[in-house]
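File shown: final29.txt (compact mmCIF, C-alpha atoms).
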```
# COMPACT_ATOMS: atom_id res chain seq x y z
CA MET A 1162 -23.21 19.14 15.02
CA LEU A 1163 -20.84 22.02 15.77
CA ALA A 1164 -17.97 22.83 13.41
CA SER A 1165 -15.45 21.91 16.11
CA GLN A 1166 -17.07 18.49 16.53
CA ARG A 1167 -17.01 17.84 12.78
CA GLN A 1168 -13.38 18.86 12.57
CA GLU A 1169 -12.47 16.55 15.46
CA ARG A 1170 -14.07 13.64 13.62
CA ILE A 1171 -12.30 14.53 10.37
CA LEU A 1172 -8.99 14.76 12.18
CA ALA A 1173 -9.62 11.42 13.91
CA ALA A 1174 -10.33 9.80 10.53
CA VAL A 1175 -7.13 11.16 9.02
CA ARG A 1176 -5.04 10.07 11.99
CA SER A 1177 -6.44 6.54 12.07
CA GLU A 1178 -6.64 5.91 8.31
CA GLY A 1179 -3.90 8.15 6.95
CA ALA A 1180 -6.42 9.91 4.71
CA ALA A 1181 -10.08 10.94 4.52
CA ARG A 1182 -12.15 11.39 1.37
CA VAL A 1183 -14.65 14.23 1.04
CA ALA A 1184 -17.32 11.87 -0.30
CA ASP A 1185 -16.99 9.57 2.72
CA LEU A 1186 -17.06 12.49 5.17
CA VAL A 1187 -20.18 13.94 3.56
CA GLU A 1188 -21.96 10.65 4.18
CA SER A 1189 -20.65 9.98 7.69
CA LEU A 1190 -21.17 13.54 8.95
CA ASP A 1191 -24.43 14.08 7.06
CA VAL A 1192 -23.41 17.52 5.82
CA SER A 1193 -22.79 19.13 2.45
CA ASP A 1194 -19.70 18.79 0.31
CA MET A 1195 -18.99 22.50 0.82
CA THR A 1196 -19.14 22.16 4.61
CA VAL A 1197 -16.64 19.30 4.62
CA ARG A 1198 -14.26 21.20 2.35
CA ARG A 1199 -14.50 24.25 4.60
CA ASP A 1200 -13.70 22.15 7.67
CA ILE A 1201 -10.73 20.57 5.91
CA ALA A 1202 -9.49 24.03 4.96
CA GLU A 1203 -9.65 25.10 8.61
CA LEU A 1204 -7.70 22.03 9.72
CA ALA A 1205 -5.14 22.62 6.97
CA ARG A 1206 -4.62 26.22 8.06
CA ALA A 1207 -3.91 24.91 11.57
CA GLY A 1208 -1.34 22.49 10.15
CA LEU A 1209 -3.28 19.43 11.34
CA VAL A 1210 -3.97 17.96 7.89
CA ARG A 1211 -2.89 18.57 4.31
CA ARG A 1212 -5.47 19.16 1.61
CA VAL A 1213 -5.29 16.91 -1.45
CA HIS A 1214 -7.59 16.38 -4.39
CA GLY A 1215 -10.77 14.80 -3.04
CA GLY A 1216 -9.95 14.97 0.66
CA ALA A 1217 -7.25 15.32 3.27
CA VAL A 1218 -4.16 13.40 4.37
CA ALA A 1219 -1.85 13.51 7.36
CA PRO A 1220 0.48 16.52 7.22
CA ASP A 1221 3.55 14.27 7.00
CA ALA A 1222 2.14 12.11 4.19
CA PRO A 1223 4.06 12.22 0.89
CA GLY A 1224 2.99 15.27 -1.07
CA ARG A 1225 5.11 15.28 -4.22
CA PRO A 1226 5.84 12.59 -6.79
CA THR A 1227 9.48 12.51 -5.66
CA ASP A 1228 8.77 12.17 -1.93
CA GLU A 1229 9.92 8.82 -0.54
CA PRO A 1230 8.82 8.25 3.07
CA GLY A 1231 10.76 5.97 5.39
CA PHE A 1232 9.55 2.58 6.51
CA GLU A 1233 8.45 3.65 9.99
CA ALA A 1234 6.41 6.57 8.65
CA LYS A 1235 4.60 4.36 6.15
CA ARG A 1236 3.76 1.54 8.53
CA SER A 1237 1.65 3.92 10.66
CA TRP A 1238 -0.73 4.65 7.76
CA ALA A 1239 -3.94 2.61 7.28
CA GLY A 1240 -2.87 -0.02 9.82
CA PRO A 1241 -6.14 -1.99 10.06
CA GLU A 1242 -6.49 -2.20 6.30
CA LYS A 1243 -2.92 -3.40 5.83
CA ALA A 1244 -3.39 -6.06 8.51
CA ALA A 1245 -6.55 -7.39 6.88
CA ILE A 1246 -4.91 -7.44 3.44
CA ALA A 1247 -1.88 -9.31 4.79
CA HIS A 1248 -4.10 -11.97 6.39
CA ALA A 1249 -5.98 -12.43 3.12
CA ALA A 1250 -2.72 -12.74 1.19
CA LEU A 1251 -1.45 -15.39 3.60
CA ALA A 1252 -4.43 -17.60 2.74
CA THR A 1253 -3.31 -17.72 -0.91
CA ILE A 1254 0.15 -19.16 -0.21
CA GLU A 1255 0.62 -22.93 -0.32
CA PRO A 1256 3.42 -25.25 0.85
CA GLY A 1257 6.04 -25.99 -1.78
CA GLN A 1258 5.71 -22.68 -3.57
CA ALA A 1259 8.38 -20.14 -4.40
CA VAL A 1260 7.02 -16.63 -3.86
CA ALA A 1261 8.46 -13.14 -4.03
CA LEU A 1262 7.68 -10.33 -1.60
CA SER A 1263 8.62 -6.80 -2.61
CA ALA A 1264 9.77 -4.37 0.03
CA GLY A 1265 6.89 -2.58 1.73
CA THR A 1266 4.90 -2.29 4.93
CA THR A 1267 1.97 -4.50 3.91
CA THR A 1268 4.31 -7.16 2.54
CA PHE A 1269 6.26 -6.90 5.80
CA LEU A 1270 3.07 -7.75 7.71
CA LEU A 1271 2.61 -10.72 5.37
CA ALA A 1272 6.19 -11.84 6.13
CA GLU A 1273 5.52 -11.67 9.87
CA LEU A 1274 2.44 -13.84 9.40
CA LEU A 1275 4.38 -16.29 7.24
CA ALA A 1276 7.09 -16.61 9.86
CA GLY A 1277 4.62 -17.95 12.40
CA SER A 1278 2.28 -19.78 10.04
CA GLY A 1279 3.97 -23.17 9.77
CA ILE A 1280 3.52 -23.08 6.00
CA GLY A 1281 6.38 -24.91 4.44
CA PRO A 1282 8.49 -25.83 2.71
CA LEU A 1283 8.56 -22.40 1.12
CA THR A 1284 11.08 -20.27 -0.74
CA VAL A 1285 10.74 -16.49 -0.41
CA VAL A 1286 12.59 -14.10 -2.70
CA THR A 1287 12.65 -10.52 -1.47
CA ASN A 1288 14.35 -7.17 -1.92
CA GLY A 1289 13.10 -6.04 1.49
CA LEU A 1290 15.57 -5.95 4.38
CA ARG A 1291 12.78 -5.86 6.98
CA ILE A 1292 11.09 -8.80 5.31
CA ALA A 1293 14.28 -10.86 5.34
CA ASP A 1294 14.71 -10.08 9.04
CA ALA A 1295 11.11 -11.08 9.79
CA LEU A 1296 11.58 -14.44 8.07
CA HIS A 1297 15.06 -15.15 9.45
CA GLY A 1298 15.02 -18.39 11.41
CA ALA A 1299 11.46 -19.32 10.43
CA ASP A 1300 10.98 -23.09 10.16
CA ASP A 1301 11.11 -24.52 6.64
CA ILE A 1302 11.34 -21.15 4.86
CA GLU A 1303 14.33 -20.42 2.66
CA VAL A 1304 14.95 -16.70 2.09
CA ILE A 1305 16.75 -15.33 -0.96
CA LEU A 1306 17.73 -11.67 -0.59
CA THR A 1307 18.41 -9.89 -3.87
CA GLY A 1308 21.20 -7.55 -2.80
CA GLY A 1309 21.40 -4.03 -4.17
CA VAL A 1310 21.40 -0.42 -2.98
CA ARG A 1311 19.29 0.43 0.06
CA THR A 1312 16.48 3.02 -0.23
CA PRO A 1313 14.92 5.14 2.58
CA SER A 1314 12.12 2.56 2.79
CA ASP A 1315 14.61 -0.32 3.29
CA ALA A 1316 14.26 -1.75 -0.21
CA LEU A 1317 17.24 -3.12 -2.11
CA VAL A 1318 17.20 -1.82 -5.68
CA GLY A 1319 19.42 -1.21 -8.69
CA PRO A 1320 21.42 -3.32 -11.16
CA VAL A 1321 22.55 -5.93 -8.61
CA ALA A 1322 18.98 -6.60 -7.49
CA ASP A 1323 17.72 -6.61 -11.08
CA ALA A 1324 20.42 -9.06 -12.21
CA THR A 1325 19.62 -11.44 -9.36
CA LEU A 1326 15.93 -11.42 -10.22
CA ALA A 1327 16.62 -12.01 -13.92
CA GLY A 1328 17.90 -15.49 -13.07
CA LEU A 1329 14.95 -16.50 -10.88
CA ARG A 1330 11.40 -17.75 -11.40
CA VAL A 1331 8.67 -17.74 -8.74
CA ASP A 1332 5.04 -18.81 -8.62
CA ARG A 1333 3.66 -15.48 -7.47
CA LEU A 1334 4.82 -12.00 -6.55
CA TYR A 1335 3.19 -10.05 -3.73
CA LEU A 1336 3.90 -6.45 -4.65
CA GLY A 1337 3.50 -3.41 -2.44
CA VAL A 1338 3.23 -0.04 -4.17
CA HIS A 1339 3.51 3.64 -3.27
CA GLY A 1340 0.44 4.51 -5.31
CA LEU A 1341 -1.82 3.51 -8.17
CA ASP A 1342 -4.33 5.19 -10.43
CA ALA A 1343 -6.01 4.61 -13.78
CA HIS A 1344 -2.61 4.70 -15.51
CA GLY A 1345 -0.99 2.04 -13.32
CA LEU A 1346 1.42 1.48 -10.44
CA THR A 1347 3.97 4.11 -9.37
CA THR A 1348 6.78 4.81 -6.90
CA PRO A 1349 8.87 7.91 -6.13
CA ASN A 1350 12.12 6.00 -6.72
CA LEU A 1351 13.28 5.41 -10.31
CA ALA A 1352 15.55 2.52 -9.40
CA GLU A 1353 12.85 0.89 -7.29
CA ALA A 1354 10.45 1.03 -10.24
CA ALA A 1355 12.96 -0.91 -12.35
CA THR A 1356 13.47 -3.50 -9.60
CA ASP A 1357 9.71 -3.87 -9.15
CA ARG A 1358 9.43 -4.55 -12.88
CA ALA A 1359 12.18 -7.18 -12.53
CA LEU A 1360 10.17 -8.78 -9.71
CA MET A 1361 7.09 -8.86 -11.92
CA ALA A 1362 9.07 -10.36 -14.80
CA CYS A 1363 10.29 -13.29 -12.70
CA ALA A 1364 6.81 -14.15 -11.40
CA ALA A 1365 4.17 -16.31 -13.07
CA ALA A 1366 1.53 -14.03 -11.52
CA THR A 1367 1.45 -10.74 -9.64
CA THR A 1368 -0.77 -9.82 -6.70
CA VAL A 1369 -0.64 -6.18 -5.65
CA LEU A 1370 -1.28 -5.50 -1.97
CA ALA A 1371 -2.62 -1.94 -1.68
CA ASP A 1372 -5.04 -0.39 0.79
CA HIS A 1373 -7.61 2.08 -0.50
CA THR A 1374 -5.58 5.16 0.49
CA LYS A 1375 -3.05 4.28 -2.24
CA TRP A 1376 -5.59 4.96 -5.00
CA GLY A 1377 -4.91 8.33 -6.62
CA VAL A 1378 -1.39 8.63 -5.17
CA VAL A 1379 1.10 9.14 -7.99
CA GLY A 1380 4.86 8.70 -7.75
CA LEU A 1381 7.49 9.96 -10.17
CA ALA A 1382 8.29 6.57 -11.71
CA ARG A 1383 5.80 4.29 -13.40
CA ILE A 1384 6.14 0.59 -12.55
CA ALA A 1385 3.54 -1.04 -14.78
CA PRO A 1386 0.02 -0.55 -16.17
CA LEU A 1387 -2.96 -2.04 -14.35
CA ASP A 1388 -3.36 -4.63 -17.12
CA ASP A 1389 -0.10 -6.26 -15.96
CA VAL A 1390 -1.58 -6.97 -12.52
CA ASP A 1391 -3.29 -10.34 -12.12
CA THR A 1392 -4.90 -9.62 -8.75
CA LEU A 1393 -5.38 -6.48 -6.66
CA LEU A 1394 -5.89 -7.33 -3.02
CA THR A 1395 -7.32 -4.28 -1.28
CA ASP A 1396 -9.88 -3.27 1.36
CA ASP A 1397 -13.58 -2.61 1.04
CA ALA A 1398 -13.16 1.19 1.13
CA LEU A 1399 -11.68 1.27 -2.39
CA PRO A 1400 -13.59 4.05 -4.18
CA ALA A 1401 -16.05 3.25 -6.94
CA ASP A 1402 -14.06 5.14 -9.57
CA ALA A 1403 -11.09 2.84 -8.92
CA ARG A 1404 -13.20 -0.25 -9.48
CA ARG A 1405 -14.24 1.01 -12.92
CA HIS A 1406 -10.60 1.02 -14.05
CA LEU A 1407 -9.81 -2.52 -12.91
CA THR A 1408 -11.62 -4.41 -15.66
CA ALA A 1409 -8.60 -6.57 -16.60
CA THR A 1410 -7.58 -7.26 -12.99
CA THR A 1411 -9.06 -9.70 -10.51
CA LEU A 1412 -10.22 -7.48 -7.64
CA VAL A 1413 -10.35 -8.98 -4.14
CA THR A 1414 -11.57 -6.75 -1.33
CA VAL A 1415 -11.35 -7.64 2.34
CA ASP A 1416 -13.59 -6.58 5.19
CA THR A 1417 -11.62 -4.40 7.59
CA SER A 1418 -14.24 -4.05 10.31
CA GLY A 1419 -12.52 -6.57 12.57
CA ALA A 1420 -8.91 -5.80 11.66
CA THR A 1421 -6.33 -4.49 14.09
CA PRO A 1422 -3.20 -2.47 13.24
```

Represent the structure contained in this file as structure tokens.
Amino acid sequence: MLASQRQERILAAVRSEGAARVADLVESLDVSDMTVRRDIAELARAGLVRRVHGGAVAPDAPGRPTDEPGFEAKRSWAGPEKAAIAHAALATIEPGQAVALSAGTTTFLLAELLAGSGIGPLTVVTNGLRIADALHGADDIEVILTGGVRTPSDALVGPVADATLAGLRVDRLYLGVHGLDAHGLTTPNLAEAATDRALMACAAATTVLADHTKWGVVGLARIAPLDDVDTLLTDDALPADARRHLTATTLVTVDTSGATP
């Protein structure tokens, strides 16, 4: 295979998935680690990808712990994986429950599915403006919006949101995160980290919805350690090193082969 052909396939993987790991590219392209890294370097010099530890990401992907992408930018990343995760999460919700959905693109997809599911009665607590809009008018679903200060990703955060959540109790939280690694869950926004912790505190159990590209991404503010997560709902491309760190968490992986963005 010519270098140009390899680079086209690497670029296609980054554009469709939001990221590409060196280890996966070595296997799919049947070339050496050094060859893949050289191809990524060429693409990075052309401004088509950005090199990160262990692979490459889209050039507009968040690159620093303080970067906070907007909602529309985030929803274009790892679309098939997010769709599959949202469908799997929907299957865990039962009529009569009170659940919380944090702001996020995967939780937004879950809200869209809930709106047309006919599951009810149901109470949904959320700090996500897009999620509240998606659920507005849905039959037999009561939506409680926390209030607070709006972030670039359309989350409501801060003392008002935290105070609202302190007076509530829900059966389960479905939490979207900016990133996670062996040390836990993170976000670029300090206030959002505090509100996410308030969401976790009001829930009897927490399910994190995170596609495999979130592993290894680290934001400025720590939300919680992995031990505080009851279930991680992710896709089947989660790397093996991530699985080794999830000993205290129920890991559920979904098959993304038939998923659509």

(message) Need the shell around region 1244-1249 of chain A: protein/DNA/RNA residues with any atom at most 8 Å away, counting all atoms listed in the file. Skip same-chain ones fewer than 6 positions apart. Format as a list of chain:residue names?
(response)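 My reading of the contact set: A:Thr1267, A:Thr1268, A:Leu1270, A:Leu1271, A:Leu1274, A:Leu1370, A:Ala1371, A:Asp1372, A:Leu1394, A:Thr1395, A:Asp1396, A:Val1415, A:Asp1416, A:Thr1417, A:Ala1420, A:Thr1421, A:Pro1422.
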
(message) Could you tell me how far CA of Leu1341 (chain A) sits from CA of Gly1240 (chain A), in Å to one decimal place?
(response) 18.4 Å

(request) Extract, using all atoms listed in the file, all DNA, RNA and protein residues at most 8 Å from region 1375-1392 of chain A, discarding same-chain residues fewer than 3 positions from it, and format them as a VMD selection string. (result) chain A and resid 1225 to 1228 1338 to 1351 1354 to 1355 1357 to 1358 1366 to 1369 1371 to 1372 1399 1403 1407 1409 to 1413

Selection above as a file: C-alpha atoms, as a PDB file, keeping the file's coordinate frame:
```pdb
ATOM      1  CA  ARG A1225       5.110  15.280  -4.220  1.00  0.00           C
ATOM      2  CA  PRO A1226       5.840  12.590  -6.790  1.00  0.00           C
ATOM      3  CA  THR A1227       9.480  12.510  -5.660  1.00  0.00           C
ATOM      4  CA  ASP A1228       8.770  12.170  -1.930  1.00  0.00           C
ATOM      5  CA  VAL A1338       3.230  -0.040  -4.170  1.00  0.00           C
ATOM      6  CA  HIS A1339       3.510   3.640  -3.270  1.00  0.00           C
ATOM      7  CA  GLY A1340       0.440   4.510  -5.310  1.00  0.00           C
ATOM      8  CA  LEU A1341      -1.820   3.510  -8.170  1.00  0.00           C
ATOM      9  CA  ASP A1342      -4.330   5.190 -10.430  1.00  0.00           C
ATOM     10  CA  ALA A1343      -6.010   4.610 -13.780  1.00  0.00           C
ATOM     11  CA  HIS A1344      -2.610   4.700 -15.510  1.00  0.00           C
ATOM     12  CA  GLY A1345      -0.990   2.040 -13.320  1.00  0.00           C
ATOM     13  CA  LEU A1346       1.420   1.480 -10.440  1.00  0.00           C
ATOM     14  CA  THR A1347       3.970   4.110  -9.370  1.00  0.00           C
ATOM     15  CA  THR A1348       6.780   4.810  -6.900  1.00  0.00           C
ATOM     16  CA  PRO A1349       8.870   7.910  -6.130  1.00  0.00           C
ATOM     17  CA  ASN A1350      12.120   6.000  -6.720  1.00  0.00           C
ATOM     18  CA  LEU A1351      13.280   5.410 -10.310  1.00  0.00           C
ATOM     19  CA  ALA A1354      10.450   1.030 -10.240  1.00  0.00           C
ATOM     20  CA  ALA A1355      12.960  -0.910 -12.350  1.00  0.00           C
ATOM     21  CA  ASP A1357       9.710  -3.870  -9.150  1.00  0.00           C
ATOM     22  CA  ARG A1358       9.430  -4.550 -12.880  1.00  0.00           C
ATOM     23  CA  ALA A1366       1.530 -14.030 -11.520  1.00  0.00           C
ATOM     24  CA  THR A1367       1.450 -10.740  -9.640  1.00  0.00           C
ATOM     25  CA  THR A1368      -0.770  -9.820  -6.700  1.00  0.00           C
ATOM     26  CA  VAL A1369      -0.640  -6.180  -5.650  1.00  0.00           C
ATOM     27  CA  ALA A1371      -2.620  -1.940  -1.680  1.00  0.00           C
ATOM     28  CA  ASP A1372      -5.040  -0.390   0.790  1.00  0.00           C
ATOM     29  CA  LEU A1399     -11.680   1.270  -2.390  1.00  0.00           C
ATOM     30  CA  ALA A1403     -11.090   2.840  -8.920  1.00  0.00           C
ATOM     31  CA  LEU A1407      -9.810  -2.520 -12.910  1.00  0.00           C
ATOM     32  CA  ALA A1409      -8.600  -6.570 -16.600  1.00  0.00           C
ATOM     33  CA  THR A1410      -7.580  -7.260 -12.990  1.00  0.00           C
ATOM     34  CA  THR A1411      -9.060  -9.700 -10.510  1.00  0.00           C
ATOM     35  CA  LEU A1412     -10.220  -7.480  -7.640  1.00  0.00           C
ATOM     36  CA  VAL A1413     -10.350  -8.980  -4.140  1.00  0.00           C
TER      37      VAL A1413
END
```

(message) Show me, as a ChimeraX atom specification, the residues that have an atom within 8 Å of Ala1181 (chain A) when counting all atoms listed in the file, minus same-chain residues fewer than 2 positions from it.
(response) /A:1171,1174-1175,1178-1179,1183,1185-1186,1216-1218

(request) Tell me which of A:Leu1326, A:Gln1168, A:Asp1332, A:Leu1317 sits closest to Gly1257 (chain A), counting all atoms listed in the file. (result)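 With all atoms listed in the file as the atom set, the closest residue is A:Asp1332.
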
(request) Figure out the distance between CA of Ser1314 (chain A) and CA of Ser1278 (chain A), please, to one decimal in Å. (result)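 Result for CA of Ser1278 (chain A) versus CA of Ser1314 (chain A): 25.5 Å, one decimal.
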
(message) Using Å and a single decimal, report how far CA of Arg1404 (chain A) sits from CA of Ala1180 (chain A).
(response) 18.7 Å

(request) Would you please work out which residue, of A:Val1260, A:Asp1194, A:Arg1182, A:Thr1414, is nearest to Val1213 (chain A) when using all atoms listed in the file? (result)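 Going through A:Val1260, A:Asp1194, A:Arg1182, A:Thr1414 one by one, the smallest distance to Val1213 (chain A) is for A:Arg1182.
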
Would you compute an axis-aligned box for region 1203-1209 of chain A, covering every atom listed for it in the file with 3 Å of margin on each side, and report centre and edge lengths in Å to one decimal as lines of an AutoDock Vina configuration file?
```
center_x = -5.5
center_y = 22.8
center_z = 9.3
size_x = 14.3
size_y = 12.8
size_z = 10.6
```

(request) Please determine the residues with any atom at most 10 Å from (-8.8, 22.2, 1.3) (coordinates as given in the file, with only C-alpha atoms counting) and report them as JSON, numbers by chain. (result) {"A": [1183, 1197, 1198, 1199, 1200, 1201, 1202, 1203, 1204, 1205, 1206, 1210, 1211, 1212, 1213, 1214, 1215, 1216, 1217]}

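Counting only C-alpha atoms and comparing A:Arg1176, A:Asp1300, A:Thr1266, A:Met1361, the residue that lies closest to Val1331 (chain A) is A:Met1361.
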
(request) Find, counting all atoms listed in the file, the residue in A:Gly1328, A:Ala1184, A:Ala1250, A:Leu1283 that gets nearest to Leu1393 (chain A). (result) A:Ala1250

Filled-in N, CA, C and O atoms of region 1398-1420 of chain A, supplied as a PDB file, keeping the file's coordinate frame:
```
ATOM      1  N   ALA A1398     -12.949  -0.254   1.283  1.00  0.00           N
ATOM      2  CA  ALA A1398     -13.160   1.190   1.130  1.00  0.00           C
ATOM      3  C   ALA A1398     -12.609   1.713  -0.197  1.00  0.00           C
ATOM      4  O   ALA A1398     -12.579   2.928  -0.419  1.00  0.00           O
ATOM      5  N   LEU A1399     -12.167   0.821  -1.083  1.00  0.00           N
ATOM      6  CA  LEU A1399     -11.680   1.270  -2.390  1.00  0.00           C
ATOM      7  C   LEU A1399     -12.793   2.024  -3.098  1.00  0.00           C
ATOM      8  O   LEU A1399     -13.916   1.522  -3.213  1.00  0.00           O
ATOM      9  N   PRO A1400     -12.519   3.242  -3.579  1.00  0.00           N
ATOM     10  CA  PRO A1400     -13.590   4.050  -4.180  1.00  0.00           C
ATOM     11  C   PRO A1400     -14.129   3.436  -5.464  1.00  0.00           C
ATOM     12  O   PRO A1400     -13.445   2.682  -6.167  1.00  0.00           O
ATOM     13  N   ALA A1401     -15.371   3.806  -5.780  1.00  0.00           N
ATOM     14  CA  ALA A1401     -16.050   3.250  -6.940  1.00  0.00           C
ATOM     15  C   ALA A1401     -15.331   3.587  -8.244  1.00  0.00           C
ATOM     16  O   ALA A1401     -15.286   2.767  -9.164  1.00  0.00           O
ATOM     17  N   ASP A1402     -14.741   4.778  -8.329  1.00  0.00           N
ATOM     18  CA  ASP A1402     -14.060   5.140  -9.570  1.00  0.00           C
ATOM     19  C   ASP A1402     -12.850   4.250  -9.827  1.00  0.00           C
ATOM     20  O   ASP A1402     -12.505   3.964 -10.980  1.00  0.00           O
ATOM     21  N   ALA A1403     -12.211   3.763  -8.753  1.00  0.00           N
ATOM     22  CA  ALA A1403     -11.090   2.840  -8.920  1.00  0.00           C
ATOM     23  C   ALA A1403     -11.570   1.520  -9.508  1.00  0.00           C
ATOM     24  O   ALA A1403     -10.935   0.954 -10.410  1.00  0.00           O
ATOM     25  N   ARG A1404     -12.681   1.031  -9.025  1.00  0.00           N
ATOM     26  CA  ARG A1404     -13.200  -0.250  -9.480  1.00  0.00           C
ATOM     27  C   ARG A1404     -13.498  -0.236 -10.983  1.00  0.00           C
ATOM     28  O   ARG A1404     -13.354  -1.248 -11.666  1.00  0.00           O
ATOM     29  N   ARG A1405     -13.910   0.894 -11.490  1.00  0.00           N
ATOM     30  CA  ARG A1405     -14.240   1.010 -12.920  1.00  0.00           C
ATOM     31  C   ARG A1405     -13.015   0.854 -13.810  1.00  0.00           C
ATOM     32  O   ARG A1405     -13.132   0.505 -14.980  1.00  0.00           O
ATOM     33  N   HIS A1406     -11.826   1.115 -13.254  1.00  0.00           N
ATOM     34  CA  HIS A1406     -10.600   1.020 -14.050  1.00  0.00           C
ATOM     35  C   HIS A1406      -9.921  -0.344 -13.958  1.00  0.00           C
ATOM     36  O   HIS A1406      -8.901  -0.565 -14.603  1.00  0.00           O
ATOM     37  N   LEU A1407     -10.478  -1.240 -13.179  1.00  0.00           N
ATOM     38  CA  LEU A1407      -9.810  -2.520 -12.910  1.00  0.00           C
ATOM     39  C   LEU A1407     -10.477  -3.665 -13.670  1.00  0.00           C
ATOM     40  O   LEU A1407     -10.593  -4.772 -13.158  1.00  0.00           O
ATOM     41  N   THR A1408     -10.878  -3.415 -14.892  1.00  0.00           N
ATOM     42  CA  THR A1408     -11.620  -4.410 -15.660  1.00  0.00           C
ATOM     43  C   THR A1408     -10.776  -5.630 -16.040  1.00  0.00           C
ATOM     44  O   THR A1408     -11.307  -6.727 -16.206  1.00  0.00           O
ATOM     45  N   ALA A1409      -9.461  -5.444 -16.185  1.00  0.00           N
ATOM     46  CA  ALA A1409      -8.600  -6.570 -16.600  1.00  0.00           C
ATOM     47  C   ALA A1409      -7.903  -7.222 -15.407  1.00  0.00           C
ATOM     48  O   ALA A1409      -7.073  -8.106 -15.591  1.00  0.00           O
ATOM     49  N   THR A1410      -8.247  -6.781 -14.207  1.00  0.00           N
ATOM     50  CA  THR A1410      -7.580  -7.260 -12.990  1.00  0.00           C
ATOM     51  C   THR A1410      -8.592  -7.934 -12.082  1.00  0.00           C
ATOM     52  O   THR A1410      -9.700  -7.426 -11.901  1.00  0.00           O
ATOM     53  N   THR A1411      -8.215  -9.076 -11.513  1.00  0.00           N
ATOM     54  CA  THR A1411      -9.060  -9.700 -10.510  1.00  0.00           C
ATOM     55  C   THR A1411      -9.005  -8.850  -9.234  1.00  0.00           C
ATOM     56  O   THR A1411      -7.934  -8.651  -8.669  1.00  0.00           O
ATOM     57  N   LEU A1412     -10.149  -8.352  -8.819  1.00  0.00           N
ATOM     58  CA  LEU A1412     -10.220  -7.480  -7.640  1.00  0.00           C
ATOM     59  C   LEU A1412     -10.727  -8.276  -6.457  1.00  0.00           C
ATOM     60  O   LEU A1412     -11.816  -8.861  -6.506  1.00  0.00           O
ATOM     61  N   VAL A1413      -9.944  -8.310  -5.381  1.00  0.00           N
ATOM     62  CA  VAL A1413     -10.350  -8.980  -4.140  1.00  0.00           C
ATOM     63  C   VAL A1413     -10.332  -7.941  -3.037  1.00  0.00           C
ATOM     64  O   VAL A1413      -9.293  -7.331  -2.749  1.00  0.00           O
ATOM     65  N   THR A1414     -11.485  -7.714  -2.428  1.00  0.00           N
ATOM     66  CA  THR A1414     -11.570  -6.750  -1.330  1.00  0.00           C
ATOM     67  C   THR A1414     -11.826  -7.477  -0.026  1.00  0.00           C
ATOM     68  O   THR A1414     -12.552  -8.469   0.010  1.00  0.00           O
ATOM     69  N   VAL A1415     -11.207  -6.997   1.042  1.00  0.00           N
ATOM     70  CA  VAL A1415     -11.350  -7.640   2.340  1.00  0.00           C
ATOM     71  C   VAL A1415     -12.112  -6.723   3.287  1.00  0.00           C
ATOM     72  O   VAL A1415     -12.018  -5.494   3.197  1.00  0.00           O
ATOM     73  N   ASP A1416     -12.853  -7.311   4.178  1.00  0.00           N
ATOM     74  CA  ASP A1416     -13.590  -6.580   5.190  1.00  0.00           C
ATOM     75  C   ASP A1416     -12.634  -6.173   6.298  1.00  0.00           C
ATOM     76  O   ASP A1416     -11.930  -7.009   6.871  1.00  0.00           O
ATOM     77  N   THR A1417     -12.576  -4.889   6.589  1.00  0.00           N
ATOM     78  CA  THR A1417     -11.620  -4.400   7.590  1.00  0.00           C
ATOM     79  C   THR A1417     -12.272  -4.086   8.930  1.00  0.00           C
ATOM     80  O   THR A1417     -11.625  -3.557   9.818  1.00  0.00           O
ATOM     81  N   SER A1418     -13.532  -4.435   9.081  1.00  0.00           N
ATOM     82  CA  SER A1418     -14.240  -4.050  10.310  1.00  0.00           C
ATOM     83  C   SER A1418     -13.634  -4.695  11.557  1.00  0.00           C
ATOM     84  O   SER A1418     -13.650  -4.109  12.631  1.00  0.00           O
ATOM     85  N   GLY A1419     -13.081  -5.899  11.411  1.00  0.00           N
ATOM     86  CA  GLY A1419     -12.520  -6.570  12.570  1.00  0.00           C
ATOM     87  C   GLY A1419     -11.008  -6.566  12.617  1.00  0.00           C
ATOM     88  O   GLY A1419     -10.403  -7.254  13.442  1.00  0.00           O
ATOM     89  N   ALA A1420     -10.386  -5.798  11.738  1.00  0.00           N
ATOM     90  CA  ALA A1420      -8.910  -5.800  11.660  1.00  0.00           C
ATOM     91  C   ALA A1420      -8.316  -4.947  12.740  1.00  0.00           C
ATOM     92  O   ALA A1420      -8.905  -3.993  13.225  1.00  0.00           O
TER      93      ALA A1420
END
```
